[in-house]
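What follows is data.csv (CSV, C-alpha atoms and all ligand atoms).
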chain,number,residue,atom,x,y,z
A,1,MET,CA,0.0,0.0,0.0
A,2,THR,CA,1.3,3.4,-0.8
A,3,VAL,CA,0.9,6.5,1.4
A,4,LEU,CA,-2.1,7.6,-0.6
A,5,ASP,CA,-3.9,4.4,0.3
A,6,ARG,CA,-3.3,4.9,4.0
A,7,VAL,CA,-4.0,8.6,4.7
A,8,PRO,CA,-7.5,9.6,6.0
A,9,THR,CA,-9.6,11.3,3.4
A,10,PRO,CA,-10.2,13.9,2.3
A,11,ALA,CA,-6.5,15.0,2.8
A,12,TYR,CA,-4.1,17.3,1.2
A,13,VAL,CA,-0.9,15.3,1.0
A,14,ILE,CA,2.3,17.4,0.4
A,15,PHE,CA,5.5,15.7,-0.6
A,16,GLU,CA,8.7,17.2,0.8
A,17,GLU,CA,10.8,15.9,-2.1
A,18,LYS,CA,8.6,17.6,-4.7
A,19,LEU,CA,8.6,20.9,-2.8
A,20,GLU,CA,12.4,20.7,-2.5
A,21,ALA,CA,12.8,20.0,-6.2
A,22,ASN,CA,11.0,23.3,-7.0
A,23,LEU,CA,13.1,25.1,-4.3
A,24,ARG,CA,16.3,23.9,-5.8
A,25,ILE,CA,15.4,25.4,-9.2
A,26,LEU,CA,14.5,28.7,-7.5
A,27,LEU,CA,17.7,28.7,-5.5
A,28,GLU,CA,19.8,28.1,-8.6
A,29,LEU,CA,17.9,31.0,-10.3
A,30,GLN,CA,18.5,33.3,-7.3
A,31,ARG,CA,22.2,32.6,-7.4
A,32,SER,CA,22.8,32.7,-11.2
A,33,ALA,CA,20.6,35.8,-11.7
A,34,GLY,CA,21.7,37.6,-8.5
A,35,ILE,CA,18.1,38.2,-7.4
A,36,LYS,CA,15.9,37.5,-4.4
A,37,ILE,CA,12.9,35.2,-4.5
A,38,LEU,CA,10.1,35.4,-1.9
A,39,LEU,CA,7.4,33.0,-1.1
A,40,ALA,CA,3.9,34.5,-1.8
A,41,GLN,CA,2.2,33.1,1.2
A,42,LYS,CA,-1.3,33.7,-0.1
A,43,CYS,CA,-0.8,30.7,-2.4
A,44,PHE,CA,0.9,28.3,0.0
A,45,SER,CA,1.2,28.9,3.8
A,46,MET,CA,1.8,25.5,5.1
A,47,PHE,CA,4.2,26.7,7.7
A,48,ARG,CA,5.2,23.2,8.7
A,49,PHE,CA,7.5,23.5,5.7
A,50,TYR,CA,8.8,27.0,6.3
A,51,PRO,CA,12.0,25.6,7.9
A,52,LEU,CA,12.7,23.9,4.6
A,53,ILE,CA,11.6,26.8,2.4
A,54,GLU,CA,13.7,29.3,4.3
A,55,LYS,CA,16.8,27.3,3.4
A,56,TYR,CA,16.3,28.1,-0.2
A,57,LEU,CA,14.4,31.4,-0.5
A,58,SER,CA,15.2,35.0,0.7
A,59,GLY,CA,11.9,35.7,2.4
A,60,THR,CA,8.1,36.0,2.1
A,61,ALA,CA,5.5,38.2,0.6
A,62,SER,CA,2.4,38.8,2.6
A,63,SER,CA,-1.0,40.2,1.7
A,64,GLY,CA,-1.5,41.9,5.1
A,65,LEU,CA,-1.0,41.6,8.8
A,66,ASN,CA,-2.0,38.0,9.4
A,67,GLU,CA,0.3,36.6,6.7
A,68,ALA,CA,3.1,38.9,7.9
A,69,LEU,CA,2.7,37.6,11.4
A,70,LEU,CA,2.9,34.0,10.2
A,71,ALA,CA,6.1,34.8,8.4
A,72,ALA,CA,7.5,36.7,11.4
A,73,GLU,CA,6.8,33.7,13.6
A,74,TYR,CA,8.0,30.9,11.3
A,75,PHE,CA,10.2,32.2,8.5
A,76,HIS,CA,13.6,33.7,9.0
A,77,GLY,CA,14.0,36.0,6.0
A,78,GLU,CA,12.9,39.3,4.5
A,79,ASN,CA,9.2,40.1,5.3
A,80,HIS,CA,7.5,42.1,2.5
A,81,VAL,CA,3.9,43.2,2.7
A,82,TYR,CA,1.6,44.6,0.1
A,83,SER,CA,-2.1,45.3,0.5
A,84,PRO,CA,-4.6,47.2,-1.8
A,85,ALA,CA,-5.4,49.2,1.4
A,86,PHE,CA,-3.8,48.9,4.8
A,87,ARG,CA,-5.8,49.6,7.9
A,88,ALA,CA,-4.9,52.4,10.4
A,89,ASP,CA,-5.3,49.9,13.3
A,90,GLU,CA,-2.8,47.4,11.8
A,91,ILE,CA,-0.1,49.6,10.2
A,92,GLU,CA,2.0,50.0,13.4
A,93,ARG,CA,2.2,46.2,14.0
A,94,ILE,CA,3.0,45.7,10.3
A,95,ALA,CA,5.8,48.3,10.6
A,96,GLU,CA,7.3,46.4,13.5
A,97,ILE,CA,7.6,43.0,11.7
A,98,CYS,CA,8.0,43.9,8.0
A,99,ASP,CA,11.1,45.3,6.4
A,100,HIS,CA,9.4,46.1,3.0
A,101,VAL,CA,6.0,47.8,2.7
A,102,VAL,CA,4.4,48.2,-0.6
A,103,PHE,CA,1.5,50.7,-1.0
A,104,ASN,CA,-1.2,50.6,-3.6
A,105,SER,CA,-1.8,54.3,-4.0
A,106,PHE,CA,-0.3,57.7,-3.3
A,107,ASN,CA,-3.1,58.3,-0.8
A,108,GLN,CA,-2.0,55.3,1.3
A,109,LEU,CA,1.6,56.3,1.0
A,110,GLU,CA,0.9,59.8,2.3
A,111,LYS,CA,-1.3,58.5,5.1
A,112,PHE,CA,1.1,55.9,6.4
A,113,PHE,CA,4.7,56.6,5.4
A,114,TYR,CA,5.4,58.1,8.8
A,115,SER,CA,4.4,54.8,10.5
A,116,VAL,CA,6.7,52.8,8.3
A,117,TRP,CA,9.6,55.3,8.0
A,118,HIS,CA,12.2,52.6,9.0
A,119,CYS,CA,10.9,50.1,6.3
A,120,SER,CA,11.9,50.2,2.7
A,121,ILE,CA,8.9,51.7,1.0
A,122,GLY,CA,7.5,50.5,-2.4
A,123,LEU,CA,4.6,51.5,-4.6
A,124,ARG,CA,2.7,49.1,-6.8
A,125,ILE,CA,2.2,50.4,-10.3
A,126,ASN,CA,0.0,49.2,-13.1
A,127,PRO,CA,1.8,48.9,-16.4
A,128,GLU,CA,-1.6,48.6,-18.1
A,129,HIS,CA,-0.5,45.7,-20.2
A,130,SER,CA,-2.7,42.6,-20.1
A,131,THR,CA,-1.1,39.3,-21.1
A,132,GLN,CA,-3.9,36.9,-20.2
A,133,THR,CA,-7.6,36.1,-20.6
A,134,HIS,CA,-8.7,35.1,-17.1
A,135,ALA,CA,-10.5,38.3,-16.3
A,136,ILE,CA,-10.6,37.7,-12.6
A,137,TYR,CA,-6.8,37.3,-12.5
A,138,ASP,CA,-6.0,40.3,-14.6
A,139,PRO,CA,-4.8,43.3,-12.5
A,140,CYS,CA,-4.3,45.3,-15.8
A,141,SER,CA,-8.0,45.4,-16.7
A,142,PRO,CA,-9.3,48.8,-17.6
A,143,THR,CA,-11.2,49.0,-14.3
A,144,SER,CA,-8.5,47.5,-12.1
A,145,ARG,CA,-8.0,48.8,-8.5
A,146,LEU,CA,-4.6,47.3,-8.3
A,147,GLY,CA,-1.6,49.6,-8.8
A,148,VAL,CA,-1.0,53.2,-9.8
A,149,ARG,CA,-1.3,54.0,-13.5
A,150,LEU,CA,1.2,56.2,-15.3
A,151,LYS,CA,-1.1,59.2,-15.6
A,152,GLU,CA,-1.4,59.5,-11.9
A,153,PHE,CA,2.2,58.5,-11.3
A,154,ALA,CA,3.6,61.2,-13.6
A,155,ALA,CA,1.5,63.9,-11.9
A,156,ALA,CA,2.6,62.9,-8.3
A,157,PRO,CA,4.5,65.5,-6.3
A,158,ARG,CA,8.2,65.0,-6.2
A,159,GLY,CA,8.1,64.9,-2.4
A,160,LEU,CA,6.0,61.7,-2.5
A,161,LEU,CA,8.1,60.1,-5.2
A,162,ASP,CA,11.2,60.7,-3.1
A,163,LEU,CA,9.8,58.5,-0.3
A,164,ILE,CA,9.8,55.4,-2.6
A,165,ASP,CA,12.7,53.0,-2.7
A,166,GLY,CA,11.1,50.5,-5.0
A,167,LEU,CA,8.4,49.7,-7.6
A,168,HIS,CA,6.2,46.7,-7.6
A,169,ILE,CA,4.3,45.1,-10.4
A,170,HIS,CA,2.1,42.0,-10.4
A,171,THR,CA,0.4,41.3,-13.7
A,172,LEU,CA,1.0,37.6,-14.5
A,173,CYS,CA,-0.8,34.4,-13.7
A,174,GLU,CA,0.6,31.0,-14.5
A,175,GLN,CA,2.7,32.4,-17.3
A,176,ASN,CA,6.0,31.9,-19.1
A,177,SER,CA,8.8,34.4,-19.5
A,178,ASP,CA,7.5,35.6,-22.9
A,179,ALA,CA,4.6,37.3,-21.0
A,180,LEU,CA,7.1,38.9,-18.7
A,181,ASP,CA,9.2,40.1,-21.6
A,182,GLU,CA,6.3,42.1,-23.1
A,183,THR,CA,5.2,43.3,-19.7
A,184,VAL,CA,8.7,44.6,-18.9
A,185,GLU,CA,8.7,46.3,-22.3
A,186,ALA,CA,5.5,48.1,-21.3
A,187,LEU,CA,6.9,48.9,-17.9
A,188,GLU,CA,10.0,50.5,-19.3
A,189,LYS,CA,8.2,52.4,-21.9
A,190,LYS,CA,5.9,54.0,-19.3
A,191,PHE,CA,8.0,54.1,-16.1
A,192,GLY,CA,11.6,53.8,-17.4
A,193,ALA,CA,12.4,57.3,-16.4
A,194,TRP,CA,11.9,56.5,-12.8
A,195,LEU,CA,13.4,53.0,-12.7
A,196,GLY,CA,16.9,54.2,-12.4
A,197,ARG,CA,16.1,56.1,-9.3
A,198,MET,CA,14.8,53.0,-7.5
A,199,LYS,CA,16.8,50.7,-5.2
A,200,TRP,CA,14.6,47.7,-6.1
A,201,LEU,CA,12.0,46.4,-8.5
A,202,ASN,CA,9.6,43.6,-7.6
A,203,LEU,CA,8.3,41.7,-10.6
A,204,GLY,CA,5.5,40.1,-8.5
A,205,GLY,CA,4.2,36.5,-9.0
A,206,GLY,CA,2.6,34.5,-11.7
A,207,HIS,CA,6.0,33.3,-13.1
A,208,HIS,CA,5.5,29.6,-13.6
A,209,ILE,CA,9.2,29.0,-13.2
A,210,THR,CA,9.1,25.4,-12.0
A,211,ARG,CA,6.9,24.2,-14.8
A,212,ALA,CA,8.7,21.9,-17.2
A,213,ASP,CA,8.3,24.2,-20.3
A,214,TYR,CA,9.2,27.4,-18.5
A,215,ASP,CA,12.0,29.3,-20.3
A,216,ILE,CA,14.3,30.2,-17.4
A,217,ASP,CA,17.1,31.5,-19.7
A,218,ARG,CA,14.8,34.1,-21.1
A,219,LEU,CA,13.8,35.2,-17.6
A,220,ARG,CA,17.5,35.5,-16.7
A,221,ARG,CA,18.1,37.6,-19.8
A,222,ILE,CA,15.3,40.0,-18.8
A,223,ILE,CA,16.6,40.3,-15.3
A,224,ASP,CA,20.2,40.8,-16.4
A,225,ARG,CA,19.2,43.6,-18.7
A,226,LEU,CA,17.1,45.3,-16.0
A,227,LYS,CA,19.9,45.1,-13.5
A,228,ASN,CA,22.5,46.4,-15.9
A,229,LYS,CA,20.4,49.2,-17.3
A,230,TYR,CA,18.8,50.5,-14.0
A,231,ASP,CA,21.1,49.2,-11.3
A,232,VAL,CA,18.2,47.9,-9.3
A,233,GLU,CA,17.9,44.9,-7.0
A,234,ILE,CA,15.3,42.5,-8.5
A,235,TYR,CA,12.7,40.6,-6.5
A,236,LEU,CA,10.3,37.9,-7.6
A,237,GLU,CA,7.5,36.7,-5.4
A,238,PRO,CA,5.9,33.6,-7.0
A,239,GLY,CA,3.4,31.5,-5.1
A,240,GLU,CA,2.5,28.7,-7.5
A,241,ALA,CA,6.0,28.1,-8.7
A,242,ILE,CA,7.1,27.2,-5.2
A,243,ALA,CA,4.6,24.4,-4.5
A,244,LEU,CA,3.6,23.5,-8.1
A,245,ASN,CA,2.8,19.8,-8.3
A,246,ALA,CA,4.1,19.3,-4.8
A,247,GLY,CA,0.8,17.9,-3.4
A,248,VAL,CA,-2.4,16.1,-4.1
A,249,LEU,CA,-5.9,15.9,-2.7
A,250,VAL,CA,-6.9,12.4,-1.9
A,251,SER,CA,-10.7,11.6,-1.8
A,252,THR,CA,-13.0,8.6,-1.4
A,253,VAL,CA,-16.0,7.7,-3.5
A,254,LEU,CA,-19.1,7.8,-1.3
A,255,GLU,CA,-21.7,6.9,-3.9
A,256,VAL,CA,-22.1,6.0,-7.6
A,257,GLN,CA,-25.5,7.0,-8.9
A,258,PRO,CA,-27.3,5.3,-11.8
A,259,PRO,CA,-26.2,6.7,-15.2
A,260,ILE,CA,-28.0,9.6,-16.9
A,261,ASP,CA,-27.4,9.4,-20.7
A,262,GLY,CA,-24.5,7.1,-20.1
A,263,VAL,CA,-22.8,9.1,-17.4
A,264,SER,CA,-23.1,8.4,-13.7
A,265,ASN,CA,-22.9,11.1,-11.1
A,266,VAL,CA,-20.3,10.1,-8.5
A,267,ILE,CA,-20.3,11.7,-5.0
A,268,ILE,CA,-17.0,12.0,-3.3
A,269,ASP,CA,-15.9,13.2,0.1
A,270,ALA,CA,-14.0,16.2,-1.3
A,271,SER,CA,-15.8,19.2,-2.7
A,272,ALA,CA,-14.9,21.7,-5.4
A,273,ALA,CA,-16.7,24.5,-3.7
A,274,CYS,CA,-15.0,23.8,-0.3
A,275,HIS,CA,-11.7,22.2,-1.0
A,276,MET,CA,-10.6,23.2,-4.5
A,277,PRO,CA,-12.4,26.5,-5.1
A,278,ASP,CA,-10.3,27.5,-8.1
A,279,VAL,CA,-12.0,24.6,-10.0
A,280,ILE,CA,-15.1,26.8,-9.9
A,281,GLU,CA,-13.5,30.2,-9.7
A,282,MET,CA,-10.9,30.0,-12.4
A,283,PRO,CA,-12.4,27.6,-13.7
A,284,TYR,CA,-10.5,24.5,-14.6
A,285,ARG,CA,-10.8,20.7,-14.5
A,286,PRO,CA,-8.1,19.2,-12.2
A,287,SER,CA,-6.2,16.1,-13.3
A,288,ILE,CA,-6.9,12.8,-11.5
A,289,VAL,CA,-4.3,10.0,-11.4
A,290,GLY,CA,-5.3,7.3,-13.8
A,291,ALA,CA,-8.2,9.2,-15.3
A,292,ALA,CA,-8.7,10.9,-18.7
A,293,PRO,CA,-11.2,13.4,-20.0
A,294,ARG,CA,-14.7,12.0,-20.7
A,295,GLY,CA,-14.9,9.6,-23.6
A,296,ALA,CA,-11.2,8.8,-23.6
A,297,LYS,CA,-11.5,5.6,-21.5
A,298,ALA,CA,-14.2,3.0,-21.1
A,299,PHE,CA,-16.2,4.3,-18.1
A,300,ASP,CA,-17.4,7.9,-17.9
A,301,TYR,CA,-18.3,9.7,-14.7
A,302,ARG,CA,-19.3,13.2,-13.5
A,303,LEU,CA,-17.7,13.8,-10.1
A,304,GLY,CA,-19.3,16.1,-7.5
A,305,GLY,CA,-19.0,17.0,-3.8
A,306,ALA,CA,-21.3,16.0,-1.0
A,307,THR,CA,-22.7,19.5,-0.7
A,308,CYS,CA,-26.1,21.0,-1.7
A,309,LEU,CA,-24.6,23.3,-4.3
A,310,ALA,CA,-25.7,22.0,-7.7
A,311,GLY,CA,-22.6,23.5,-9.3
A,312,ASP,CA,-20.3,21.7,-6.9
A,313,VAL,CA,-19.1,19.6,-9.8
A,314,ILE,CA,-15.4,18.9,-10.2
A,315,GLY,CA,-15.7,17.7,-13.8
A,316,GLU,CA,-16.3,14.8,-16.2
A,317,TYR,CA,-13.7,12.0,-16.4
A,318,SER,CA,-13.3,8.6,-17.8
A,319,PHE,CA,-11.6,5.6,-16.2
A,320,ASP,CA,-10.4,2.1,-17.3
A,321,ARG,CA,-12.5,0.4,-14.7
A,322,PRO,CA,-15.9,1.1,-13.1
A,323,LEU,CA,-15.8,3.3,-10.0
A,324,ALA,CA,-17.2,1.8,-6.8
A,325,GLU,CA,-17.8,3.0,-3.2
A,326,GLY,CA,-14.6,3.2,-1.3
A,327,ASP,CA,-12.4,3.8,-4.3
A,328,ARG,CA,-9.8,6.5,-3.8
A,329,LEU,CA,-9.3,9.4,-6.3
A,330,VAL,CA,-6.2,11.4,-6.3
A,331,PHE,CA,-6.4,15.0,-7.6
A,332,GLU,CA,-3.1,16.4,-8.8
A,333,ASP,CA,-1.5,19.7,-8.1
A,334,MET,CA,-3.5,20.5,-5.0
A,335,ALA,CA,-0.8,22.2,-2.7
A,336,ILE,CA,-1.4,25.6,-4.2
A,337,TYR,CA,-4.5,27.9,-3.6
A,338,THR,CA,-6.2,25.1,-1.7
A,339,MET,CA,-5.5,25.1,2.1
A,340,VAL,CA,-5.3,28.8,2.0
A,341,LYS,CA,-8.8,29.2,0.3
A,342,ASN,CA,-10.9,26.3,1.6
A,343,ASN,CA,-14.0,26.7,3.6
A,344,THR,CA,-16.6,24.7,5.6
A,345,PHE,CA,-19.7,25.5,3.6
A,346,ASN,CA,-22.4,23.0,4.4
A,347,GLY,CA,-20.4,22.1,7.5
A,348,MET,CA,-18.0,20.1,5.3
A,349,ASN,CA,-14.9,19.1,7.2
A,350,LEU,CA,-11.7,20.6,6.0
A,351,PRO,CA,-9.3,18.0,4.5
A,352,ALA,CA,-6.5,16.8,6.8
A,353,ILE,CA,-3.0,18.2,6.1
A,354,VAL,CA,-0.4,15.5,5.6
A,355,ALA,CA,3.3,15.8,5.1
A,356,VAL,CA,5.3,13.1,3.4
A,357,ASP,CA,9.1,13.1,4.0
A,358,SER,CA,11.8,12.0,1.7
A,359,ARG,CA,11.8,8.4,3.1
A,360,ASN,CA,8.1,8.2,2.2
A,361,ASN,CA,6.9,8.4,5.9
A,362,PHE,CA,3.8,10.4,6.3
A,363,GLU,CA,2.7,12.6,9.2
A,364,ILE,CA,-0.8,13.9,9.7
A,365,VAL,CA,0.1,17.5,10.6
A,366,ARG,CA,-3.5,18.6,11.1
A,367,ALA,CA,-6.9,17.0,11.1
A,368,PHE,CA,-10.1,19.0,11.4
A,369,GLU,CA,-13.4,18.3,13.1
A,370,TYR,CA,-16.6,19.8,14.4
A,371,ASN,CA,-14.9,22.5,16.6
A,372,ASP,CA,-13.0,23.9,13.6
A,373,PHE,CA,-16.3,24.4,11.9
A,374,LYS,CA,-18.1,25.7,14.9
A,375,ASN,CA,-15.5,28.2,16.1
A,376,ARG,CA,-15.7,30.4,13.1
A,377,LEU,CA,-19.4,30.9,13.4
A,378,SER,CA,-20.1,32.6,16.7
A,401,LIG,C1,-1.0,36.4,-6.1
A,401,LIG,C2,0.2,37.3,-5.9
A,401,LIG,C3,1.4,36.7,-6.0
A,401,LIG,C4,1.7,35.2,-6.3
A,401,LIG,O1,1.1,34.8,-7.5
A,401,LIG,P1,1.3,33.3,-8.1
A,401,LIG,O2,0.4,33.4,-9.3
A,401,LIG,O3,0.8,32.4,-7.1
A,401,LIG,O4,2.7,33.2,-8.4
A,401,LIG,C5,2.5,37.5,-5.8
A,401,LIG,N1,2.4,38.8,-5.6
A,401,LIG,C6,1.1,39.4,-5.5
A,401,LIG,C7,1.0,40.9,-5.3
A,401,LIG,C8,0.0,38.7,-5.7
A,401,LIG,O5,-1.2,39.2,-5.6
Output the file's structure as structure tokens, nothing else.
Amino acid sequence: MTVLDRVPTPAYVIFEEKLEANLRILLELQRSAGIKILLAQKCFSMFRFYPLIEKYLSGTASSGLNEALLAAEYFHGENHVYSPAFRADEIERIAEICDHVVFNSFNQLEKFFYSVWHCSIGLRINPEHSTQTHAIYDPCSPTSRLGVRLKEFAAAPRGLLDLIDGLHIHTLCEQNSDALDETVEALEKKFGAWLGRMKWLNLGGGHHITRADYDIDRLRRIIDRLKNKYDVEIYLEPGEAIALNAGVLVSTVLEVQPPIDGVSNVIIDASAACHMPDVIEMPYRPSIVGAAPRGAKAFDYRLGGATCLAGDVIGEYSFDRPLAEGDRLVFEDMAIYTMVKNNTFNGMNLPAIVAVDSRNNFEIVRAFEYNDFKNRLS
């Protein structure tokens, strides 16, 4: 029996070896390109692995106070924070634990720079260059609230600009370095005049660096050129690239219904709505070990969660053998944007969190029960 036959279900099972393989690629890039790479915690915050991750990366990127606190507690490295709007009642604490604070507007900069005077201050800008079609993941859409546009930047008082050490962009999502290339071209065209005055430039996340077809050489060329031309320190803050394909979600078949037009609905103990929300939000159809798209293999099924939401459907798949109650299904690439986004809608239990070490021993790091559901409700 493998680990995946033995863990309780549902469970996110994270493999240390796969995580470390990604981290090795990122460390090599940091060294060869002379840059710093941060873990975007909003994607993957399984702090059980922070002692491992901090051996490879330079720090973390947080979306606000809570993530920054988590990094301060468990990750020894630089602590960067960016939020579309910081709160007055949190900024002092943020200033105590973070070394880099990135504001989203001149208004926020003006309001809070005095609280964060000892931090390195950055401003998120919007190069207004979209490279993707997932509207909800496009910070460069015409109505975006994320980042300062050139028009406003160019009109800002000199005194405010002088407070800024760095510029921050984040416009990509699961993309290759060709998308970064055109983004940087737009960035330079619009903001090139100011880049040379900065100490650092943060190119955000969305770089799918650890994906097999990612062109790292091209990324290195872009970085080399930026460093030479503007003499700035370069940061990347990927989330997905760090834990890409490092974990799975293991689930058990609870019921196989009679077929409707040749396809049976199968109910499993994992839910798209609760445990893999990007399946519905993005949307996409996750891969299952041993399965293929509907029609490719002999037996077709539509998989859904045990919730009341009609749309809690993970997708249609085909298998070589008929599915039966008690069968296990293994959803691939479930370390990222899962634990950090899940919820207990319908009172569904959260999946257990399991770590598998390099000798294939597993540890149930966390298991959830009634009190975890209850304690968020009143
Ligand atoms: C989401 C986000 C990231 C990480 O993005 P990935 O797609 O997970 O690499 C980094 N920086 C900012 C500002 C983000 O919003």
Hey, which residues sit close to ligand LIG 401 (chain A)? Say within 7 Å, counting only C-alpha atoms and all ligand atoms, and write them as a ChimeraX atom specification. /A:40,42-43,61,82,170,172-174,204-208,237-241
Take the residues from that selection and put them in a file with C-alpha atoms, as a PDB file, in the frame of the given file.
ATOM      1  CA  ALA A  40       3.900  34.500  -1.800  1.00  0.00           C
ATOM      2  CA  LYS A  42      -1.300  33.700  -0.100  1.00  0.00           C
ATOM      3  CA  CYS A  43      -0.800  30.700  -2.400  1.00  0.00           C
ATOM      4  CA  ALA A  61       5.500  38.200   0.600  1.00  0.00           C
ATOM      5  CA  TYR A  82       1.600  44.600   0.100  1.00  0.00           C
ATOM      6  CA  HIS A 170       2.100  42.000 -10.400  1.00  0.00           C
ATOM      7  CA  LEU A 172       1.000  37.600 -14.500  1.00  0.00           C
ATOM      8  CA  CYS A 173      -0.800  34.400 -13.700  1.00  0.00           C
ATOM      9  CA  GLU A 174       0.600  31.000 -14.500  1.00  0.00           C
ATOM     10  CA  GLY A 204       5.500  40.100  -8.500  1.00  0.00           C
ATOM     11  CA  GLY A 205       4.200  36.500  -9.000  1.00  0.00           C
ATOM     12  CA  GLY A 206       2.600  34.500 -11.700  1.00  0.00           C
ATOM     13  CA  HIS A 207       6.000  33.300 -13.100  1.00  0.00           C
ATOM     14  CA  HIS A 208       5.500  29.600 -13.600  1.00  0.00           C
ATOM     15  CA  GLU A 237       7.500  36.700  -5.400  1.00  0.00           C
ATOM     16  CA  PRO A 238       5.900  33.600  -7.000  1.00  0.00           C
ATOM     17  CA  GLY A 239       3.400  31.500  -5.100  1.00  0.00           C
ATOM     18  CA  GLU A 240       2.500  28.700  -7.500  1.00  0.00           C
ATOM     19  CA  ALA A 241       6.000  28.100  -8.700  1.00  0.00           C
TER      20      ALA A 241
END
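Going from CA of Gly147 in chain A to CA of Asn79 in chain A covers 20.1 Å.
Residues in contact with Pro139 in chain A at 8 Å, where all atoms listed in the file are counted and same-chain residues fewer than 5 positions away are skipped, are listed as Asn126, Ser130, Ser144, Arg145, Leu146, Gly147, His170 and Thr171 of chain A.
CA of Gly122 in chain A is found 5.4 Å from CA of Ile164 in chain A.
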So that I can see what lies close to range 340-346 of chain A, please list as a ChimeraX atom specification the residues with an atom at most 10 Å from it, counting all atoms listed in the file and leaving out residues fewer than 4 positions away in the same chain. /A:41-46,271-278,306-309,335-336,350-351,372-374,376
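Across A:Ala291, A:Leu377, A:Val263, A:Ala193, the tightest approach to Phe153 in chain A is made by A:Ala193 when counting all atoms listed in the file.
Distances from A:His168, A:His80, A:Arg221, A:Arg285 to Ser32 in chain A were compared using only C-alpha atoms, and the smallest one belongs to A:Arg221.
Compared by their closest atoms to Thr338 in chain A, and using all atoms listed in the file, the residues A:Val102, A:Val256, A:Leu201, A:Ile353 rank with A:Ile353 nearest.
The space separating CA of Ile268 in chain A from CA of Val253 in chain A comes to 4.4 Å.
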